[in-house]
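Source file: entry_28.csv (CSV, C-alpha atoms and all ligand atoms)
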```csv
chain,number,residue,atom,x,y,z
A,1468,MET,CA,-18.6,34.1,11.9
A,1469,LYS,CA,-16.4,31.3,13.2
A,1470,VAL,CA,-13.9,31.0,16.0
A,1471,ILE,CA,-10.6,30.0,14.4
A,1472,LEU,CA,-7.3,29.0,15.9
A,1473,ILE,CA,-4.4,29.1,13.5
A,1474,THR,CA,-0.8,28.0,14.4
A,1475,GLY,CA,2.3,29.4,12.7
A,1476,ALA,CA,0.4,32.6,12.2
A,1477,THR,CA,3.3,35.0,12.9
A,1478,ASN,CA,4.8,34.6,9.4
A,1479,GLY,CA,4.2,33.5,5.8
A,1480,ILE,CA,1.2,31.4,4.9
A,1481,GLY,CA,-0.2,31.5,8.5
A,1482,LEU,CA,0.1,35.3,8.8
A,1483,GLU,CA,-1.6,35.9,5.4
A,1484,THR,CA,-4.4,33.5,6.3
A,1485,ALA,CA,-5.0,35.0,9.7
A,1486,LYS,CA,-5.3,38.5,8.1
A,1487,LEU,CA,-7.6,37.3,5.4
A,1488,LEU,CA,-9.9,35.4,7.8
A,1489,ALA,CA,-10.1,38.4,10.1
A,1490,THR,CA,-11.1,40.8,7.3
A,1491,GLN,CA,-13.9,38.3,6.5
A,1492,GLY,CA,-15.3,38.8,10.0
A,1493,HIS,CA,-14.1,35.6,11.7
A,1494,ILE,CA,-12.8,35.6,15.3
A,1495,VAL,CA,-9.1,34.7,14.6
A,1496,TYR,CA,-6.6,33.5,17.2
A,1497,ALA,CA,-3.2,33.8,15.6
A,1498,ALA,CA,-0.7,31.6,17.4
A,1499,GLY,CA,3.1,31.5,17.4
A,1500,ARG,CA,6.1,32.3,19.5
A,1501,ASN,CA,7.2,35.6,17.9
A,1502,LEU,CA,4.1,37.8,18.3
A,1503,GLU,CA,5.6,41.2,17.4
A,1504,LYS,CA,4.4,40.8,13.8
A,1505,LEU,CA,0.8,40.6,15.0
A,1506,GLU,CA,1.0,43.7,17.3
A,1507,SER,CA,-0.1,46.3,14.6
A,1508,LEU,CA,-2.9,44.1,13.1
A,1509,ASN,CA,-6.5,45.0,13.9
A,1510,ASN,CA,-9.1,42.3,14.7
A,1511,ILE,CA,-6.6,39.6,15.3
A,1512,LYS,CA,-6.2,38.0,18.7
A,1513,SER,CA,-2.5,37.0,19.2
A,1514,LEU,CA,-1.9,33.9,21.2
A,1515,TYR,CA,1.5,32.7,22.5
A,1516,LEU,CA,2.1,29.1,21.4
A,1517,ASP,CA,5.3,27.0,21.4
A,1518,ILE,CA,4.0,23.9,19.6
A,1519,THR,CA,6.7,21.8,21.2
A,1520,ASP,CA,5.7,22.7,24.8
A,1521,GLU,CA,2.7,20.8,26.3
A,1522,LYS,CA,2.0,23.5,28.9
A,1523,SER,CA,2.0,26.2,26.2
A,1524,ILE,CA,-0.5,24.2,24.0
A,1525,GLU,CA,-2.8,23.6,27.0
A,1526,SER,CA,-2.8,27.3,28.0
A,1527,ALA,CA,-3.4,28.4,24.4
A,1528,VAL,CA,-6.5,26.1,24.1
A,1529,ASN,CA,-7.8,27.1,27.6
A,1530,LYS,CA,-7.5,30.8,26.7
A,1531,VAL,CA,-9.6,30.4,23.5
A,1532,ILE,CA,-12.2,28.3,25.3
A,1533,SER,CA,-12.4,30.7,28.3
A,1534,GLU,CA,-13.0,33.6,26.0
A,1535,GLN,CA,-15.2,32.1,23.3
A,1536,ASP,CA,-16.5,28.8,24.8
A,1537,ARG,CA,-16.0,27.1,21.4
A,1538,ILE,CA,-13.5,26.5,18.6
A,1539,ASP,CA,-15.0,26.1,15.1
A,1540,VAL,CA,-11.9,25.7,13.1
A,1541,LEU,CA,-8.3,24.6,13.9
A,1542,ILE,CA,-5.7,25.3,11.2
A,1543,ASN,CA,-2.5,23.3,11.9
A,1544,ASN,CA,0.0,25.4,9.9
A,1545,ALA,CA,3.1,25.8,12.1
A,1546,GLY,CA,6.1,24.0,10.6
A,1547,TYR,CA,9.6,24.3,9.3
A,1548,GLY,CA,11.9,22.3,6.9
A,1549,SER,CA,14.9,20.6,8.5
A,1550,TYR,CA,16.8,20.1,5.3
A,1551,GLY,CA,20.0,18.0,4.9
A,1552,SER,CA,20.8,14.4,3.8
A,1553,ILE,CA,19.3,11.6,5.9
A,1554,GLU,CA,22.9,10.7,6.9
A,1555,ASP,CA,23.9,14.2,7.9
A,1556,VAL,CA,20.9,15.5,9.9
A,1557,SER,CA,21.4,14.6,13.6
A,1558,LEU,CA,18.6,12.6,15.2
A,1559,THR,CA,18.3,15.4,17.8
A,1560,GLU,CA,17.4,17.7,14.9
A,1561,ALA,CA,15.2,15.1,13.2
A,1562,ARG,CA,13.3,14.6,16.5
A,1563,ASN,CA,12.8,18.4,16.8
A,1564,GLN,CA,11.5,18.3,13.2
A,1565,PHE,CA,8.9,15.7,14.2
A,1566,ASP,CA,8.1,17.5,17.5
A,1567,VAL,CA,7.1,20.7,15.6
A,1568,ASN,CA,5.6,19.3,12.4
A,1569,VAL,CA,3.9,16.2,13.8
A,1570,PHE,CA,3.7,15.8,17.6
A,1571,GLY,CA,2.9,19.4,18.2
A,1572,LEU,CA,0.2,19.3,15.6
A,1573,ALA,CA,-1.1,16.0,17.1
A,1574,SER,CA,-1.0,17.3,20.7
A,1575,LEU,CA,-3.0,20.5,19.8
A,1576,THR,CA,-5.4,18.4,17.8
A,1577,GLN,CA,-6.0,16.0,20.6
A,1578,LYS,CA,-6.9,18.8,22.9
A,1579,ILE,CA,-9.3,20.4,20.5
A,1580,ILE,CA,-11.1,17.3,19.3
A,1581,PRO,CA,-13.1,16.9,22.6
A,1582,VAL,CA,-14.2,20.5,22.2
A,1583,MET,CA,-15.4,19.9,18.7
A,1584,ARG,CA,-17.0,16.6,19.6
A,1585,LYS,CA,-19.0,18.3,22.3
A,1586,GLN,CA,-20.1,20.9,19.8
A,1587,ASN,CA,-20.9,18.1,17.3
A,1588,ASP,CA,-19.3,20.5,14.8
A,1589,GLY,CA,-15.8,21.6,13.8
A,1590,HIS,CA,-13.3,21.7,11.1
A,1591,ILE,CA,-9.6,20.7,11.3
A,1592,ILE,CA,-7.4,21.9,8.4
A,1593,ASN,CA,-3.9,20.5,8.2
A,1594,ILE,CA,-1.2,22.1,6.2
A,1595,SER,CA,0.9,19.4,4.6
A,1596,SER,CA,2.9,19.8,1.3
A,1597,ILE,CA,3.3,18.3,-2.1
A,1598,TYR,CA,6.2,16.7,-0.2
A,1599,GLY,CA,3.6,14.7,1.7
A,1600,ARG,CA,3.0,13.0,-1.7
A,1601,PHE,CA,6.5,12.4,-3.1
A,1602,THR,CA,10.1,13.1,-2.0
A,1603,ALA,CA,13.3,14.7,-3.3
A,1604,SER,CA,16.9,14.7,-2.2
A,1605,PHE,CA,17.9,16.5,1.0
A,1606,GLY,CA,14.4,16.9,2.3
A,1607,GLY,CA,13.8,13.4,3.7
A,1608,TRP,CA,13.2,14.3,7.4
A,1609,TYR,CA,10.9,17.1,6.4
A,1610,HIS,CA,9.1,14.9,3.9
A,1611,ALA,CA,8.8,12.2,6.5
A,1612,THR,CA,6.9,14.6,8.8
A,1613,LYS,CA,4.5,15.6,6.0
A,1614,TYR,CA,3.9,12.0,5.1
A,1615,ALA,CA,3.0,11.5,8.8
A,1616,VAL,CA,0.7,14.5,8.7
A,1617,GLU,CA,-1.1,13.0,5.6
A,1618,ALA,CA,-1.6,9.7,7.5
A,1619,LEU,CA,-2.9,11.4,10.6
A,1620,ASN,CA,-5.1,13.7,8.6
A,1621,ASP,CA,-6.7,10.8,6.6
A,1622,THR,CA,-7.2,8.7,9.7
A,1623,LEU,CA,-8.7,11.6,11.7
A,1624,ARG,CA,-11.1,12.3,8.9
A,1625,LEU,CA,-12.5,8.7,9.1
A,1626,GLU,CA,-12.6,8.7,12.9
A,1627,THR,CA,-14.2,12.1,13.6
A,1628,LYS,CA,-16.8,12.3,10.8
A,1629,GLN,CA,-19.4,10.7,13.1
A,1630,TYR,CA,-18.9,13.6,15.5
A,1631,GLY,CA,-19.6,16.3,12.8
A,1632,ILE,CA,-15.9,17.1,12.4
A,1633,GLU,CA,-14.6,17.8,8.9
A,1634,VAL,CA,-10.9,17.2,8.2
A,1635,THR,CA,-9.2,18.8,5.2
A,1636,VAL,CA,-5.6,18.7,4.1
A,1637,ILE,CA,-3.9,21.4,2.1
A,1638,GLU,CA,-0.9,20.5,0.0
A,1639,PRO,CA,1.0,23.6,-1.2
A,1640,GLY,CA,3.8,23.5,-3.7
A,1641,PRO,CA,6.8,25.8,-3.2
A,1642,ILE,CA,5.6,29.1,-1.8
A,1643,LYS,CA,7.6,32.3,-1.4
A,1644,THR,CA,8.0,32.6,2.4
A,1645,ASP,CA,10.9,32.4,4.8
A,1646,TRP,CA,10.4,28.6,4.9
A,1647,GLY,CA,12.7,28.2,1.9
A,1648,ILE,CA,15.5,30.3,3.4
A,1649,ILE,CA,15.3,28.5,6.7
A,1650,ALA,CA,15.4,25.1,5.0
A,1651,ALA,CA,18.3,26.2,2.7
A,1652,ASN,CA,20.3,27.4,5.7
A,1653,LYS,CA,19.8,24.2,7.5
A,1654,LEU,CA,20.8,22.2,4.5
A,1655,ALA,CA,24.1,24.2,4.2
A,1656,ASP,CA,24.8,23.9,7.9
A,1657,SER,CA,24.2,20.1,8.0
A,1658,ALA,CA,26.5,19.5,5.1
A,1659,GLN,CA,29.7,21.1,6.5
A,1660,GLY,CA,32.5,18.6,5.9
A,1661,SER,CA,30.1,15.8,4.8
A,1662,ALA,CA,30.2,13.5,1.8
A,1663,TYR,CA,27.3,15.4,0.3
A,1664,GLU,CA,28.8,18.9,0.9
A,1665,LYS,CA,29.3,20.0,-2.7
A,1666,GLN,CA,26.0,18.8,-3.9
A,1667,ALA,CA,24.2,20.1,-0.8
A,1668,LEU,CA,25.7,23.5,-1.0
A,1669,LYS,CA,24.7,23.7,-4.7
A,1670,SER,CA,21.1,22.8,-3.8
A,1671,SER,CA,21.1,25.2,-0.9
A,1672,ASN,CA,22.2,28.1,-3.1
A,1673,ARG,CA,19.6,27.1,-5.7
A,1674,MET,CA,16.9,27.1,-3.0
A,1675,LYS,CA,17.9,30.5,-1.8
A,1676,LYS,CA,17.7,31.9,-5.3
A,1677,LEU,CA,14.4,30.3,-6.0
A,1678,TYR,CA,12.8,31.4,-2.7
A,1679,THR,CA,13.9,35.0,-3.3
A,1680,SER,CA,12.8,35.0,-6.9
A,1681,ASN,CA,9.3,35.8,-8.3
A,1682,LEU,CA,9.0,32.3,-9.8
A,1683,LEU,CA,7.1,30.9,-6.9
A,1684,SER,CA,3.5,31.4,-5.9
A,1685,LYS,CA,2.9,34.0,-3.1
A,1686,PRO,CA,1.6,32.9,0.3
A,1687,GLN,CA,-1.7,34.7,-0.5
A,1688,VAL,CA,-2.4,31.9,-3.0
A,1689,VAL,CA,-2.5,29.4,-0.1
A,1690,SER,CA,-4.3,31.8,2.3
A,1691,LYS,CA,-7.1,32.3,-0.3
A,1692,ALA,CA,-7.4,28.5,-0.7
A,1693,ILE,CA,-7.5,28.0,3.1
A,1694,ALA,CA,-10.2,30.8,3.6
A,1695,ASN,CA,-12.2,29.2,0.8
A,1696,VAL,CA,-12.1,25.9,2.7
A,1697,VAL,CA,-13.1,27.6,6.0
A,1698,ASN,CA,-16.1,29.2,4.3
A,1699,LYS,CA,-17.3,26.2,2.3
A,1700,LYS,CA,-20.2,24.1,3.5
A,1701,GLN,CA,-18.9,20.9,2.0
A,1702,PRO,CA,-15.2,21.2,1.4
A,1703,LYS,CA,-13.2,18.6,-0.5
A,1704,VAL,CA,-10.9,16.4,1.5
A,1705,ARG,CA,-7.7,17.5,-0.2
A,1706,TYR,CA,-6.5,20.7,-2.0
A,1707,VAL,CA,-3.3,21.0,-4.0
A,1708,VAL,CA,-2.3,24.7,-4.3
A,1709,GLY,CA,0.5,26.8,-5.9
A,1710,ARG,CA,2.4,26.9,-9.2
A,1711,GLY,CA,3.5,23.5,-10.5
A,1712,ALA,CA,2.0,21.6,-7.5
A,1713,LYS,CA,-0.7,19.6,-9.3
A,1714,PHE,CA,1.7,18.9,-12.2
A,1715,PHE,CA,4.3,17.2,-10.0
A,1716,ILE,CA,1.9,15.2,-8.0
A,1717,PHE,CA,0.2,14.0,-11.3
A,1718,LEU,CA,3.6,13.2,-12.9
A,1719,ASN,CA,4.6,11.2,-9.8
A,1720,THR,CA,1.5,9.0,-10.1
A,1721,ILE,CA,1.8,8.3,-13.8
A,1722,ILE,CA,5.5,7.7,-14.5
A,1723,PRO,CA,7.8,5.0,-13.3
A,1724,THR,CA,9.7,5.8,-10.0
A,1725,ARG,CA,13.2,5.7,-11.5
A,1726,ILE,CA,12.2,8.2,-14.3
A,1727,PHE,CA,10.6,10.5,-11.7
A,1728,ASP,CA,13.8,10.2,-9.6
A,1729,LYS,CA,15.8,11.5,-12.6
A,1730,ILE,CA,13.4,14.4,-13.2
A,1731,ILE,CA,13.2,15.5,-9.5
A,1732,SER,CA,17.0,15.2,-9.1
A,1733,LYS,CA,17.5,17.6,-12.0
A,1734,ILE,CA,15.0,20.1,-10.6
B,1,LIG,N1,6.7,27.8,1.9
B,1,LIG,C1,6.6,26.6,1.3
B,1,LIG,O1,7.2,26.4,0.2
B,1,LIG,C2,5.7,25.6,1.8
B,1,LIG,C3,5.3,24.5,0.9
B,1,LIG,C4,4.5,23.5,1.4
B,1,LIG,C5,4.1,23.5,2.8
B,1,LIG,N2,4.5,24.5,3.6
B,1,LIG,C6,4.1,24.4,5.0
B,1,LIG,O2,3.3,25.6,5.3
B,1,LIG,C7,3.4,25.8,6.7
B,1,LIG,C8,3.7,27.3,6.9
B,1,LIG,O3,5.0,27.6,6.4
B,1,LIG,P1,5.4,29.0,5.8
B,1,LIG,O4,5.9,28.8,4.4
B,1,LIG,O5,4.4,30.0,6.0
B,1,LIG,O6,6.8,29.2,6.6
B,1,LIG,P2,7.3,30.4,7.6
B,1,LIG,O7,7.0,31.7,6.9
B,1,LIG,O8,8.7,30.1,7.9
B,1,LIG,O9,6.3,30.3,8.8
B,1,LIG,C9,6.4,29.2,9.7
B,1,LIG,C10,5.5,29.5,10.9
B,1,LIG,O10,5.6,28.3,11.8
B,1,LIG,C11,5.8,28.7,13.1
B,1,LIG,N3,6.6,27.8,13.9
B,1,LIG,C12,7.8,27.3,13.7
B,1,LIG,N4,8.2,26.6,14.7
B,1,LIG,C13,7.3,26.7,15.7
B,1,LIG,C14,7.1,26.2,17.0
B,1,LIG,N5,8.0,25.5,17.7
B,1,LIG,N6,6.0,26.5,17.7
B,1,LIG,C15,5.0,27.3,17.1
B,1,LIG,N7,5.1,27.8,15.9
B,1,LIG,C16,6.2,27.5,15.2
B,1,LIG,C17,6.5,30.1,13.0
B,1,LIG,O11,6.1,30.9,14.1
B,1,LIG,P3,7.0,31.3,15.3
B,1,LIG,O12,8.5,31.3,14.9
B,1,LIG,O13,6.6,32.7,15.7
B,1,LIG,O14,6.8,30.3,16.4
B,1,LIG,C18,5.9,30.7,11.7
B,1,LIG,O15,4.8,31.5,12.0
B,1,LIG,C19,4.4,24.9,7.3
B,1,LIG,O16,3.8,23.8,7.8
B,1,LIG,C20,5.2,24.4,6.0
B,1,LIG,O17,5.8,23.2,6.2
B,1,LIG,C21,5.3,25.5,3.2
```
I'd like the structure from this file rewritten - as structure tokens, please.
Amino acid sequence: MKVILITGATNGIGLETAKLLATQGHIVYAAGRNLEKLESLNNIKSLYLDITDEKSIESAVNKVISEQDRIDVLINNAGYGSYGSIEDVSLTEARNQFDVNVFGLASLTQKIIPVMRKQNDGHIINISSIYGRFTASFGGWYHATKYAVEALNDTLRLETKQYGIEVTVIEPGPIKTDWGIIAANKLADSAQGSAYEKQALKSSNRMKKLYTSNLLSKPQVVSKAIANVVNKKQPKVRYVVGRGAKFFIFLNTIIPTRIFDKIISKI
């Protein structure tokens, strides 16, 4: 039975993961801003957390420590996709994208590493994306955050191994959650009156169709993979999950960039 803190646990992948880990008997602190979705769930401890607010991060960590005196697993899952062309997305929005997906994750991690170091034991699981491995049009700011998560993850793994801390990254492909609708709406909003408007609106509509279809993997595919990592004695450093995810990462590594550009632009 492990003490687990998971961010972005009020929806999608995080919610499914929190539920699964709780049914396995772990002590799960499910963190997020909108806690209503957690109210009816048994055996889950809901934890208010705005990942962009230092005080909120501090009090969330203090609460878990005061109640459990340890944190075995941190799952950095909170995130959203600020879609739009590099030119169109305002730097204020781009900064917020980094605040949530990168600096929030980093701040929480910095506060939990000393706890795990003291325990000489712990596991940090970072939820990246296949878009931490390659990019596509209109996702540049989001992809930049996931590339950053990959770099932080890989460095952290090297630095904390000596203190008994495991670090694992999960790279999901497209998963059927609200993430896609939020990203598609942001793409449409950012493109109003822009040079990319026609193309961006077409992409936004395609995203909405895709993320409401049954073509994509369900969030349970990722939650099972995360739970598997939590329960494994010697987890791998990297897991690619979801329909098509391994294929695109492989394709990107073996074919010339300009050909990959053509393929990814069509999709
Ligand atoms: N769905 C996909 O296709 C896909 C693919 C690859 C990777 N991912 C990654 O998987 C993770 C989970 O995404 P999802 O698909 O489950 O999306 P989702 O259903 O939209 O859930 C996102 C979660 O992030 C939380 N969040 C957003 N802003 C936050 C903030 N400022 N402070 C604290 N929490 C915040 C939300 O909680 P509150 O609003 O309650 O705060 C929510 O619980 C993200 O990191 C995403 O980038 C998703």
Residues within 12 Å of segment 1486-1494 of chain A, please, as a ChimeraX atom specification. Count all atoms listed in the file; anything in the same chain fewer than 5 positions from it doesn't count. /A:1468-1473,1476-1481,1504-1505,1507-1513,1531,1534-1535,1537-1542,1686-1698
Any idea what's packed within 7 Å of segment 1584-1600 of chain A, counting only C-alpha atoms, ignoring anything in its chain fewer than 6 positions away? Could you give it as a list in words?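 Contacts, in chain order: Asp1539, Val1540, Leu1541, Ile1542, Asn1543, Asn1544, His1610, Lys1613, Tyr1614, Val1616, Glu1617, Asn1620, Tyr1630, Gly1631, Ile1632, Glu1633, Val1634, Thr1635, Val1636, Ile1637, Glu1638, Pro1639, Gly1640, Ala1712 and Ile1716 of chain A.
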Atom CA of Val1704 of chain A and atom CA of Thr1622 of chain A are how many Å apart? 11.8 Å
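Atom CA of Ala1573 of chain A is found 26.2 Å from atom CA of Ala1651 of chain A.
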Atomic distance atom CA of Pro1641 of chain A - atom O15 of ligand LIG 1 (chain B), expressed in Å with one decimal: 16.4 Å
Point out the residue among A:Val1707, A:Ile1722, A:Val1569, A:Ala1545 with the least atom-to-atom distance to ligand LIG 1 (chain B), counting all atoms listed in the file.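 Among the listed residues, A:Ala1545 lies closest to ligand LIG 1 (chain B).
Using all atoms listed in the file, the shortest contact distance between Gln1666 of chain A and any of A:Ser1684, A:Ser1604, A:Val1567, A:Leu1619 is found at A:Ser1604.
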Looking at all atoms listed in the file, which of A:Glu1483, A:Asp1645, A:Asp1536, A:Asp1566 is the one that sits closest to ligand LIG 1 (chain B)?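 Of all the options, A:Asp1645 lies closest to ligand LIG 1 (chain B).
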Which residues are close to Ser1657 of chain A, i.e. within 7 Å by all atoms listed in the file, leaving aside same-chain residues fewer than 3 positions away? Reply as number ranges by chain. A: 1551, 1555-1556, 1653-1654
Residue nearest ligand LIG 1 (chain B) among A:Leu1677, A:Ile1731, A:Ala1658, A:Ala1561 (counting only C-alpha atoms and all ligand atoms):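 Distance minimum relative to ligand LIG 1 (chain B) lands on A:Leu1677.
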I need the residue nearest Lys1733 of chain A from this list: A:Ala1485, A:Leu1502, A:Ile1579, A:Ala1603. Use all atoms listed in the file for the distance.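 Checking each candidate against Lys1733 of chain A, we get A:Ala1603 as the closest.
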A:Val1495, A:Ala1650, A:Ser1526, A:Gly1607: which is nearest ligand LIG 1 (chain B), counting all atoms listed in the file? A:Ala1650
I'd like the contact shell of Gly1647 of chain A - 10 Å cut-off, all atoms listed in the file, skipping same-chain residues fewer than 3 positions apart - returned as an mmCIF file with C-alpha atoms, in the coordinates of the input.
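What follows is the written file selection.cif:
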```cif
data_model
loop_
_atom_site.group_PDB
_atom_site.id
_atom_site.type_symbol
_atom_site.label_atom_id
_atom_site.label_comp_id
_atom_site.auth_asym_id
_atom_site.auth_seq_id
_atom_site.Cartn_x
_atom_site.Cartn_y
_atom_site.Cartn_z
ATOM 1 C CA TYR A 1547 9.600 24.300 9.300
ATOM 2 C CA GLY A 1548 11.900 22.300 6.900
ATOM 3 C CA TYR A 1550 16.800 20.100 5.300
ATOM 4 C CA PRO A 1641 6.800 25.800 -3.200
ATOM 5 C CA ILE A 1642 5.600 29.100 -1.800
ATOM 6 C CA LYS A 1643 7.600 32.300 -1.400
ATOM 7 C CA THR A 1644 8.000 32.600 2.400
ATOM 8 C CA ALA A 1650 15.400 25.100 5.000
ATOM 9 C CA ALA A 1651 18.300 26.200 2.700
ATOM 10 C CA ASN A 1652 20.300 27.400 5.700
ATOM 11 C CA LYS A 1653 19.800 24.200 7.500
ATOM 12 C CA SER A 1671 21.100 25.200 -0.900
ATOM 13 C CA MET A 1674 16.900 27.100 -3.000
ATOM 14 C CA LYS A 1675 17.900 30.500 -1.800
ATOM 15 C CA LYS A 1676 17.700 31.900 -5.300
ATOM 16 C CA LEU A 1677 14.400 30.300 -6.000
ATOM 17 C CA TYR A 1678 12.800 31.400 -2.700
ATOM 18 C CA THR A 1679 13.900 35.000 -3.300
#
```
